[in-house]
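Dropping model03.txt in here (compact mmCIF, C-alpha atoms):
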```txt
# COMPACT_ATOMS: atom_id res chain seq x y z
CA PRO I 100 -3.90 13.10 -10.65
CA ALA I 101 -6.20 15.79 -12.04
CA GLY I 102 -8.55 14.63 -14.78
CA VAL I 103 -9.12 11.11 -13.42
CA THR I 104 -12.81 10.18 -13.54
CA GLN I 105 -14.48 9.59 -10.20
CA PRO I 106 -15.12 7.13 -8.61
CA ALA I 107 -11.32 6.77 -8.70
CA THR I 108 -9.35 3.69 -7.59
CA PHE I 109 -6.22 3.52 -5.44
CA SER I 110 -4.56 0.09 -5.72
CA VAL I 111 -2.71 -0.70 -2.47
CA THR I 112 -0.08 -3.45 -2.27
CA GLY I 113 2.80 -4.39 0.03
CA ILE I 114 1.10 -4.28 3.44
CA PRO I 115 2.18 -7.46 5.33
CA ALA I 116 -0.56 -9.85 6.42
CA CYS I 117 0.46 -9.41 10.08
CA ALA I 118 0.43 -5.61 9.93
CA THR I 119 -1.56 -3.40 12.27
CA ILE I 120 -2.93 -0.24 10.69
CA VAL I 121 -1.86 2.75 12.79
CA ARG I 122 -3.30 5.72 10.87
CA ALA I 123 -4.42 6.48 7.33
CA PHE I 124 -5.10 9.82 5.65
CA PHE I 125 -6.45 10.93 2.30
CA TYR I 126 -5.10 14.29 1.09
CA THR I 127 -6.23 16.55 -1.71
CA GLY I 128 -5.41 20.15 -2.58
CA GLY I 129 -5.81 22.70 -5.30
CA SER I 130 -6.81 26.20 -6.36
CA GLY I 131 -9.66 28.22 -4.85
CA GLY I 132 -10.96 29.43 -1.52
CA GLY I 133 -11.27 25.94 -0.07
CA PRO I 134 -14.31 23.73 -0.62
CA THR I 135 -16.46 21.74 1.78
CA ILE I 136 -15.70 18.14 0.80
CA ASN I 137 -17.52 15.02 1.95
CA LEU I 138 -15.24 12.20 0.81
CA SER I 139 -16.93 8.94 -0.14
CA PHE I 140 -14.46 6.16 0.68
CA THR I 141 -14.91 2.44 -0.09
CA ASN I 142 -12.46 -0.27 0.99
CA PRO I 143 -11.69 -3.64 -0.72
CA LEU I 144 -14.40 -5.31 1.42
CA LEU I 145 -16.88 -2.87 -0.19
CA THR I 146 -17.52 -1.12 3.13
CA ASN I 147 -18.30 2.53 2.45
CA SER I 148 -18.28 5.63 4.62
CA VAL I 149 -18.41 9.37 4.06
CA PHE I 150 -15.71 11.49 5.72
CA PRO I 151 -16.01 15.29 6.08
CA MET I 152 -12.54 16.53 5.11
CA VAL I 153 -10.84 19.02 7.44
CA ASN I 154 -8.98 22.15 6.40
CA SER I 155 -5.26 21.34 6.74
CA GLY I 156 -3.94 24.47 5.06
CA TYR I 157 -4.80 27.59 3.09
CA THR I 158 -2.92 30.51 1.54
CA PRO I 159 -4.44 33.48 -0.32
CA THR I 160 -1.67 33.12 -2.91
CA ASP I 161 -3.30 32.38 -6.27
CA LYS I 162 -1.22 29.95 -8.33
CA TRP I 163 -2.95 30.79 -11.59
CA GLY I 164 -6.24 31.74 -13.26
CA GLY I 165 -7.64 34.25 -10.77
CA TYR I 166 -8.65 31.77 -8.05
CA ALA I 167 -9.24 32.88 -4.46
CA GLY I 168 -6.13 31.09 -3.19
CA THR I 169 -4.71 27.59 -2.66
CA TRP I 170 -6.01 24.99 -0.21
CA THR I 171 -5.41 21.51 1.27
CA ARG I 172 -7.92 19.07 2.77
CA ARG I 173 -7.34 15.92 4.84
CA ALA I 174 -9.57 13.02 5.94
CA ASP I 175 -8.67 10.44 8.58
CA VAL I 176 -9.78 7.19 6.90
CA THR I 177 -8.10 4.81 9.36
CA ALA I 178 -11.34 3.03 10.23
CA LEU I 179 -11.81 1.75 6.67
CA ILE I 180 -8.31 0.46 5.91
CA SER I 181 -8.58 -3.33 5.56
CA GLY I 182 -5.20 -4.20 4.00
CA ASN I 183 -4.18 -4.61 0.38
CA GLY I 184 -6.64 -4.14 -2.46
CA ASN I 185 -8.56 -1.46 -4.32
CA TYR I 186 -9.81 1.60 -2.44
CA ILE I 187 -12.34 3.80 -4.22
CA ILE I 188 -12.93 7.51 -3.62
CA SER I 189 -15.39 10.07 -4.93
CA GLY I 190 -16.79 13.44 -3.93
CA ILE I 191 -13.78 15.60 -4.83
CA PRO I 192 -14.76 18.77 -6.76
CA THR I 193 -13.36 18.94 -10.28
CA SER I 194 -13.84 22.47 -11.57
CA SER I 195 -14.10 26.16 -10.66
CA PRO I 196 -14.35 27.72 -8.10
CA ASN I 197 -12.31 25.00 -6.34
CA ASP I 198 -10.10 23.08 -8.74
CA PRO I 199 -8.06 20.20 -7.22
CA ASP I 200 -4.65 19.06 -8.45
CA GLY I 201 -5.05 15.43 -7.32
CA GLY I 202 -5.16 13.17 -4.27
CA THR I 203 -2.93 10.90 -2.18
CA LEU I 204 -3.78 8.03 0.17
CA VAL I 205 -1.20 7.61 2.95
CA ILE I 206 -1.33 4.43 5.08
CA LEU I 207 0.84 4.00 8.17
CA TYR I 208 1.17 0.49 9.61
CA SER I 209 3.28 -1.45 12.12
CA ASP I 210 4.76 -4.91 11.61
CA ILE I 211 5.41 -6.92 14.80
CA THR I 212 7.94 -9.18 13.02
CA GLN I 213 10.43 -6.30 12.69
CA THR I 214 13.13 -5.47 15.23
CA PHE I 215 13.37 -1.74 14.51
CA THR I 216 11.08 1.09 15.55
CA GLY I 217 9.67 3.22 12.76
CA HIS I 218 8.91 6.90 13.33
CA MET I 219 6.71 8.93 10.98
CA VAL I 220 6.29 12.70 10.99
CA LEU I 221 3.64 14.23 8.71
CA ALA I 222 3.44 18.00 8.31
CA ASP I 223 0.32 19.53 6.76
CA CYS I 224 0.60 22.86 5.03
CA THR I 225 -0.37 24.91 2.03
CA MET I 226 2.18 27.07 0.23
CA ALA I 227 1.97 28.30 -3.33
CA ALA I 228 3.88 30.34 -5.90
CA GLY I 229 2.26 32.01 -8.90
CA GLY I 230 5.47 31.98 -10.90
CA ASN I 231 9.17 31.86 -10.12
CA GLY I 232 9.28 30.90 -6.48
CA ASN I 233 11.03 29.29 -3.57
CA LEU I 234 8.83 27.53 -1.00
CA ASN I 235 10.28 26.38 2.30
CA SER I 236 8.94 24.54 5.37
CA LEU I 237 10.63 23.76 8.68
CA ILE I 238 8.82 20.88 10.41
CA SER I 239 9.11 19.96 14.08
CA GLY I 240 7.28 17.88 16.69
CA PHE I 241 9.81 15.04 16.90
CA ASN I 242 13.07 14.16 18.64
CA VAL I 243 15.35 11.57 17.01
CA CYS I 244 16.24 9.15 19.83
CA ALA I 245 19.29 7.56 18.10
CA ASN I 246 21.09 7.65 14.78
CA PRO I 247 18.69 5.86 12.42
CA THR I 248 19.42 2.91 10.15
CA THR I 249 17.12 4.30 7.43
CA THR I 250 15.82 7.78 6.63
CA ARG I 251 13.22 8.53 3.97
CA HIS I 252 11.32 11.66 3.03
CA PHE I 253 8.54 12.79 0.77
CA ILE I 254 6.80 15.94 -0.42
CA ILE I 255 3.30 16.15 -1.94
CA CYS I 256 2.96 19.03 -4.37
CA GLY I 257 0.90 20.14 -7.31
CA ASP I 258 0.32 22.16 -10.46
CA PHE I 259 3.63 21.46 -12.19
CA GLN I 260 3.21 22.34 -15.84
CA SER I 261 6.60 23.48 -17.12
CA LEU I 262 9.54 21.35 -18.21
CA GLY I 263 11.32 22.14 -14.95
CA PRO I 264 13.65 21.26 -13.48
CA TYR I 265 12.31 21.71 -9.96
CA ASN I 266 14.98 21.78 -7.28
CA LEU I 267 14.06 20.11 -3.99
CA ARG I 268 15.33 20.15 -0.42
CA PHE I 269 14.81 17.16 1.87
CA ASN I 270 16.10 17.65 5.42
CA SER I 271 18.44 20.28 4.02
CA LEU I 272 18.85 24.05 3.72
CA VAL I 273 20.34 23.62 0.23
CA ASN I 274 18.98 21.82 -2.83
CA ASN I 275 19.80 18.09 -2.72
CA SER I 276 17.40 16.61 -5.30
CA VAL I 277 15.95 17.46 -8.72
CA TYR I 278 12.57 16.61 -10.24
CA PRO I 279 13.42 16.95 -13.94
CA GLY I 280 10.32 15.78 -15.80
CA ALA I 281 7.56 18.01 -14.48
CA ALA I 282 5.80 18.76 -17.78
CA GLN I 283 2.03 18.53 -17.21
CA SER I 284 2.57 16.75 -13.88
CA PHE I 285 -0.30 18.43 -12.08
CA TYR I 286 0.15 16.44 -8.87
CA ALA I 287 3.20 14.62 -7.57
CA PHE I 288 4.28 12.42 -4.67
CA LEU I 289 8.06 12.98 -4.56
CA PRO I 290 10.03 10.48 -2.41
CA PHE I 291 13.69 10.74 -1.44
CA THR I 292 16.04 8.29 0.31
CA GLY I 293 19.04 9.76 2.09
CA ALA I 294 19.66 13.07 3.88
CA ASN I 295 19.80 11.13 7.14
CA VAL I 296 18.57 12.64 10.37
CA THR I 297 20.81 12.30 13.43
CA ALA I 298 20.36 11.60 17.13
CA GLY I 299 18.89 14.59 18.94
CA GLN I 300 17.53 16.27 15.80
CA THR I 301 14.21 18.05 16.41
CA THR I 302 13.52 19.91 13.13
CA ALA I 303 13.87 19.18 9.41
CA ASN I 304 13.78 21.59 6.48
CA TYR I 305 11.89 20.85 3.25
CA GLY I 306 11.50 23.01 0.18
CA LEU I 307 11.23 23.32 -3.58
CA ASN I 308 11.83 26.03 -6.12
CA ASN I 309 11.37 26.68 -9.80
CA ALA I 310 12.99 29.31 -11.99
CA THR I 311 10.99 28.68 -15.17
CA GLY I 312 8.03 30.92 -14.31
CA ASP I 313 5.52 28.14 -13.65
CA ALA I 314 3.01 28.02 -10.82
CA PHE I 315 3.29 25.33 -8.16
CA SER I 316 2.10 24.39 -4.67
CA PHE I 317 3.36 22.45 -1.64
CA TYR I 318 0.86 20.43 0.45
CA VAL I 319 2.61 17.91 2.72
CA ALA I 320 6.15 17.20 3.90
CA ALA I 321 7.00 13.98 5.71
CA LEU I 322 9.92 12.27 7.43
CA TYR I 323 10.27 8.55 8.18
CA TYR I 324 13.19 7.03 10.08
CA ARG I 325 14.06 3.70 11.74
CA THR I 326 15.87 3.29 15.04
CA GLY I 327 16.47 0.63 17.65
CA CYS I 328 14.89 2.83 20.34
CA SER I 329 11.32 4.03 20.86
CA VAL I 330 9.72 7.22 22.16
```
Starting from the file, lay out its structure as structure tokens.
Amino acid sequence: PAGVTQPATFSVTGIPACATIVRAFFYTGGSGGGPTINLSFTNPLLTNSVFPMVNSGYTPTDKWGGYAGTWTRRADVTALISGNGNYIISGIPTSSPNDPDGGTLVILYSDITQTFTGHMVLADCTMAAGGNGNLNSLISGFNVCANPTTTRHFIICGDFQSLGPYNLRFNSLVNNSVYPGAAQSFYAFLPFTGANVTAGQTTANYGLNNATGDAFSFYVAALYYRTGCSV
């Protein structure tokens, strides 16, 4: 979250010993015109590399404070993921004119001991509201090959400062979740289990809204589901 001193540590647990790392991304986003960021990334083996972050979204909507807009950056850090342990990042700007809300490390892996097929859809974006607002995203690029045994979702968002509540939509056109405790939560990874996808589905709707007058932003929406088939 915002305000953490860099170098900052991400403690990763739960990756099985037999896992194969498929992809890994570091995301950050915030207020401003969009900075050039060279992310310094160190893995638990103390191997370090610098990753130029790519622009994965921008909107001229200013959330607050007279900034030039709202931005998102992404780095593909797959090459340095070595399993569980502490990952250390630095190089993220921390003040005007580009003020980040926080950062998230997303690691995707496969486990050959499992009998299901996992499917992961990540949608990059940048949407922002400078006050009361309703942000919505329809993601595509997938085709559900069978009714899944498990469906999970998440949204990465930032700049929550009011008491909320924030209403959320995961794979739904109507609100189906609430984030009640948003006071001073400048950056949030919001997971949701349920709202199952179905065989043949090719799009999923994600959104959030707030009626308390606070600014907020929407950086990433993601869908994960398990089936017995593969595509």
How close does region 196-291 of chain I get to region 176-185 of chain I? List, as a tab-separated table, each residue of region 196-291 of chain I within 12 Å, its nearest atom pair and the distance in Å to one decimal, counting all atoms listed in the file.
```
residue	atom	partner	partner_atom	distance
I:Thr203	CA	I:Val176	CA	12.0
I:Leu204	CA	I:Val176	CA	9.1
I:Val205	CA	I:Val176	CA	9.5
I:Ile206	CA	I:Thr177	CA	8.0
I:Leu207	CA	I:Thr177	CA	9.1
I:Tyr208	CA	I:Gly182	CA	9.7
```
Near-Met226 (chain I) list (9 Å; all atoms listed in the file; drop same-chain fewer than 6 positions) as a PDB file with C-alpha atoms, in the coordinates of the input:
```pdb
ATOM      1  CA  GLY I 156      -3.940  24.470   5.060  1.00  0.00           C
ATOM      2  CA  TYR I 157      -4.800  27.590   3.090  1.00  0.00           C
ATOM      3  CA  THR I 158      -2.920  30.510   1.540  1.00  0.00           C
ATOM      4  CA  THR I 160      -1.670  33.120  -2.910  1.00  0.00           C
ATOM      5  CA  THR I 169      -4.710  27.590  -2.660  1.00  0.00           C
ATOM      6  CA  TRP I 170      -6.010  24.990  -0.210  1.00  0.00           C
ATOM      7  CA  LEU I 234       8.830  27.530  -1.000  1.00  0.00           C
ATOM      8  CA  ASN I 235      10.280  26.380   2.300  1.00  0.00           C
ATOM      9  CA  SER I 236       8.940  24.540   5.370  1.00  0.00           C
ATOM     10  CA  PHE I 315       3.290  25.330  -8.160  1.00  0.00           C
ATOM     11  CA  SER I 316       2.100  24.390  -4.670  1.00  0.00           C
ATOM     12  CA  PHE I 317       3.360  22.450  -1.640  1.00  0.00           C
ATOM     13  CA  TYR I 318       0.860  20.430   0.450  1.00  0.00           C
TER      14      TYR I 318
END
```
If we count all atoms listed in the file, what is near region 129-136 of chain I at a cut-off of 12 Å, once residues fewer than 6 positions away on the same chain are taken out, given as an mmCIF file with C-alpha atoms, in the coordinates of the input?
```cif
data_model
loop_
_atom_site.group_PDB
_atom_site.id
_atom_site.type_symbol
_atom_site.label_atom_id
_atom_site.label_comp_id
_atom_site.auth_asym_id
_atom_site.auth_seq_id
_atom_site.Cartn_x
_atom_site.Cartn_y
_atom_site.Cartn_z
ATOM 1 C CA PRO I 100 -3.900 13.100 -10.650
ATOM 2 C CA ALA I 101 -6.200 15.790 -12.040
ATOM 3 C CA VAL I 149 -18.410 9.370 4.060
ATOM 4 C CA PHE I 150 -15.710 11.490 5.720
ATOM 5 C CA PRO I 151 -16.010 15.290 6.080
ATOM 6 C CA MET I 152 -12.540 16.530 5.110
ATOM 7 C CA VAL I 153 -10.840 19.020 7.440
ATOM 8 C CA ASN I 154 -8.980 22.150 6.400
ATOM 9 C CA SER I 155 -5.260 21.340 6.740
ATOM 10 C CA GLY I 156 -3.940 24.470 5.060
ATOM 11 C CA TYR I 157 -4.800 27.590 3.090
ATOM 12 C CA THR I 158 -2.920 30.510 1.540
ATOM 13 C CA PRO I 159 -4.440 33.480 -0.320
ATOM 14 C CA THR I 160 -1.670 33.120 -2.910
ATOM 15 C CA ASP I 161 -3.300 32.380 -6.270
ATOM 16 C CA LYS I 162 -1.220 29.950 -8.330
ATOM 17 C CA TRP I 163 -2.950 30.790 -11.590
ATOM 18 C CA GLY I 164 -6.240 31.740 -13.260
ATOM 19 C CA GLY I 165 -7.640 34.250 -10.770
ATOM 20 C CA TYR I 166 -8.650 31.770 -8.050
ATOM 21 C CA ALA I 167 -9.240 32.880 -4.460
ATOM 22 C CA GLY I 168 -6.130 31.090 -3.190
ATOM 23 C CA THR I 169 -4.710 27.590 -2.660
ATOM 24 C CA TRP I 170 -6.010 24.990 -0.210
ATOM 25 C CA THR I 171 -5.410 21.510 1.270
ATOM 26 C CA ARG I 172 -7.920 19.070 2.770
ATOM 27 C CA ARG I 173 -7.340 15.920 4.840
ATOM 28 C CA ALA I 174 -9.570 13.020 5.940
ATOM 29 C CA ILE I 188 -12.930 7.510 -3.620
ATOM 30 C CA SER I 189 -15.390 10.070 -4.930
ATOM 31 C CA GLY I 190 -16.790 13.440 -3.930
ATOM 32 C CA ILE I 191 -13.780 15.600 -4.830
ATOM 33 C CA PRO I 192 -14.760 18.770 -6.760
ATOM 34 C CA THR I 193 -13.360 18.940 -10.280
ATOM 35 C CA SER I 194 -13.840 22.470 -11.570
ATOM 36 C CA SER I 195 -14.100 26.160 -10.660
ATOM 37 C CA PRO I 196 -14.350 27.720 -8.100
ATOM 38 C CA ASN I 197 -12.310 25.000 -6.340
ATOM 39 C CA ASP I 198 -10.100 23.080 -8.740
ATOM 40 C CA PRO I 199 -8.060 20.200 -7.220
ATOM 41 C CA ASP I 200 -4.650 19.060 -8.450
ATOM 42 C CA GLY I 201 -5.050 15.430 -7.320
ATOM 43 C CA GLY I 202 -5.160 13.170 -4.270
ATOM 44 C CA THR I 225 -0.370 24.910 2.030
ATOM 45 C CA MET I 226 2.180 27.070 0.230
ATOM 46 C CA ALA I 227 1.970 28.300 -3.330
ATOM 47 C CA ALA I 228 3.880 30.340 -5.900
ATOM 48 C CA GLY I 229 2.260 32.010 -8.900
ATOM 49 C CA ILE I 255 3.300 16.150 -1.940
ATOM 50 C CA CYS I 256 2.960 19.030 -4.370
ATOM 51 C CA GLY I 257 0.900 20.140 -7.310
ATOM 52 C CA ASP I 258 0.320 22.160 -10.460
ATOM 53 C CA PHE I 259 3.630 21.460 -12.190
ATOM 54 C CA PHE I 285 -0.300 18.430 -12.080
ATOM 55 C CA TYR I 286 0.150 16.440 -8.870
ATOM 56 C CA ALA I 314 3.010 28.020 -10.820
ATOM 57 C CA PHE I 315 3.290 25.330 -8.160
ATOM 58 C CA SER I 316 2.100 24.390 -4.670
ATOM 59 C CA PHE I 317 3.360 22.450 -1.640
ATOM 60 C CA TYR I 318 0.860 20.430 0.450
#
```
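Taking CA of Asn231 (chain I) and CA of Asn309 (chain I) as endpoints, the distance between them is 5.6 Å.
Closest approach to Asn147 (chain I) among I:Ala320, I:Leu272, I:Val111, I:Ile187 is made by I:Ile187 (distances from all atoms listed in the file).
Here CA of Arg251 (chain I) stands at a distance of 10.7 Å from CA of Val220 (chain I).
Residues within 8 Å of Asn295 (chain I), counting all atoms listed in the file and excluding same-chain residues fewer than 5 positions away, are Pro247, Thr249, Thr250, Arg251 and Asn270 of chain I.
Note that CA of Ala222 (chain I) and CA of Phe125 (chain I) are 13.6 Å apart.
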Give, as AutoDock Vina command-line options, the centre coordinates and the x, y and z edge lengths in Å to one decimal for an axis-aligned box around all listed atoms of region 136-142 of chain I, padded by 6 Å on each side.
```
--center_x -15.0 --center_y 8.9 --center_z 0.9 --size_x 17.1 --size_y 30.4 --size_z 14.1
```
Nearest to Asn275 (chain I), restricted to only C-alpha atoms and choosing among I:Cys117, I:Ala287, I:Cys328, I:Leu307, comes out as I:Leu307
Can you tell me, as a ChimeraX atom specification, which residues sit within 10 Å of (14.9, 13.7, -6.2) in the file's frame, using all atoms listed in the file?
-> /I:253,265-269,274-279,289-292
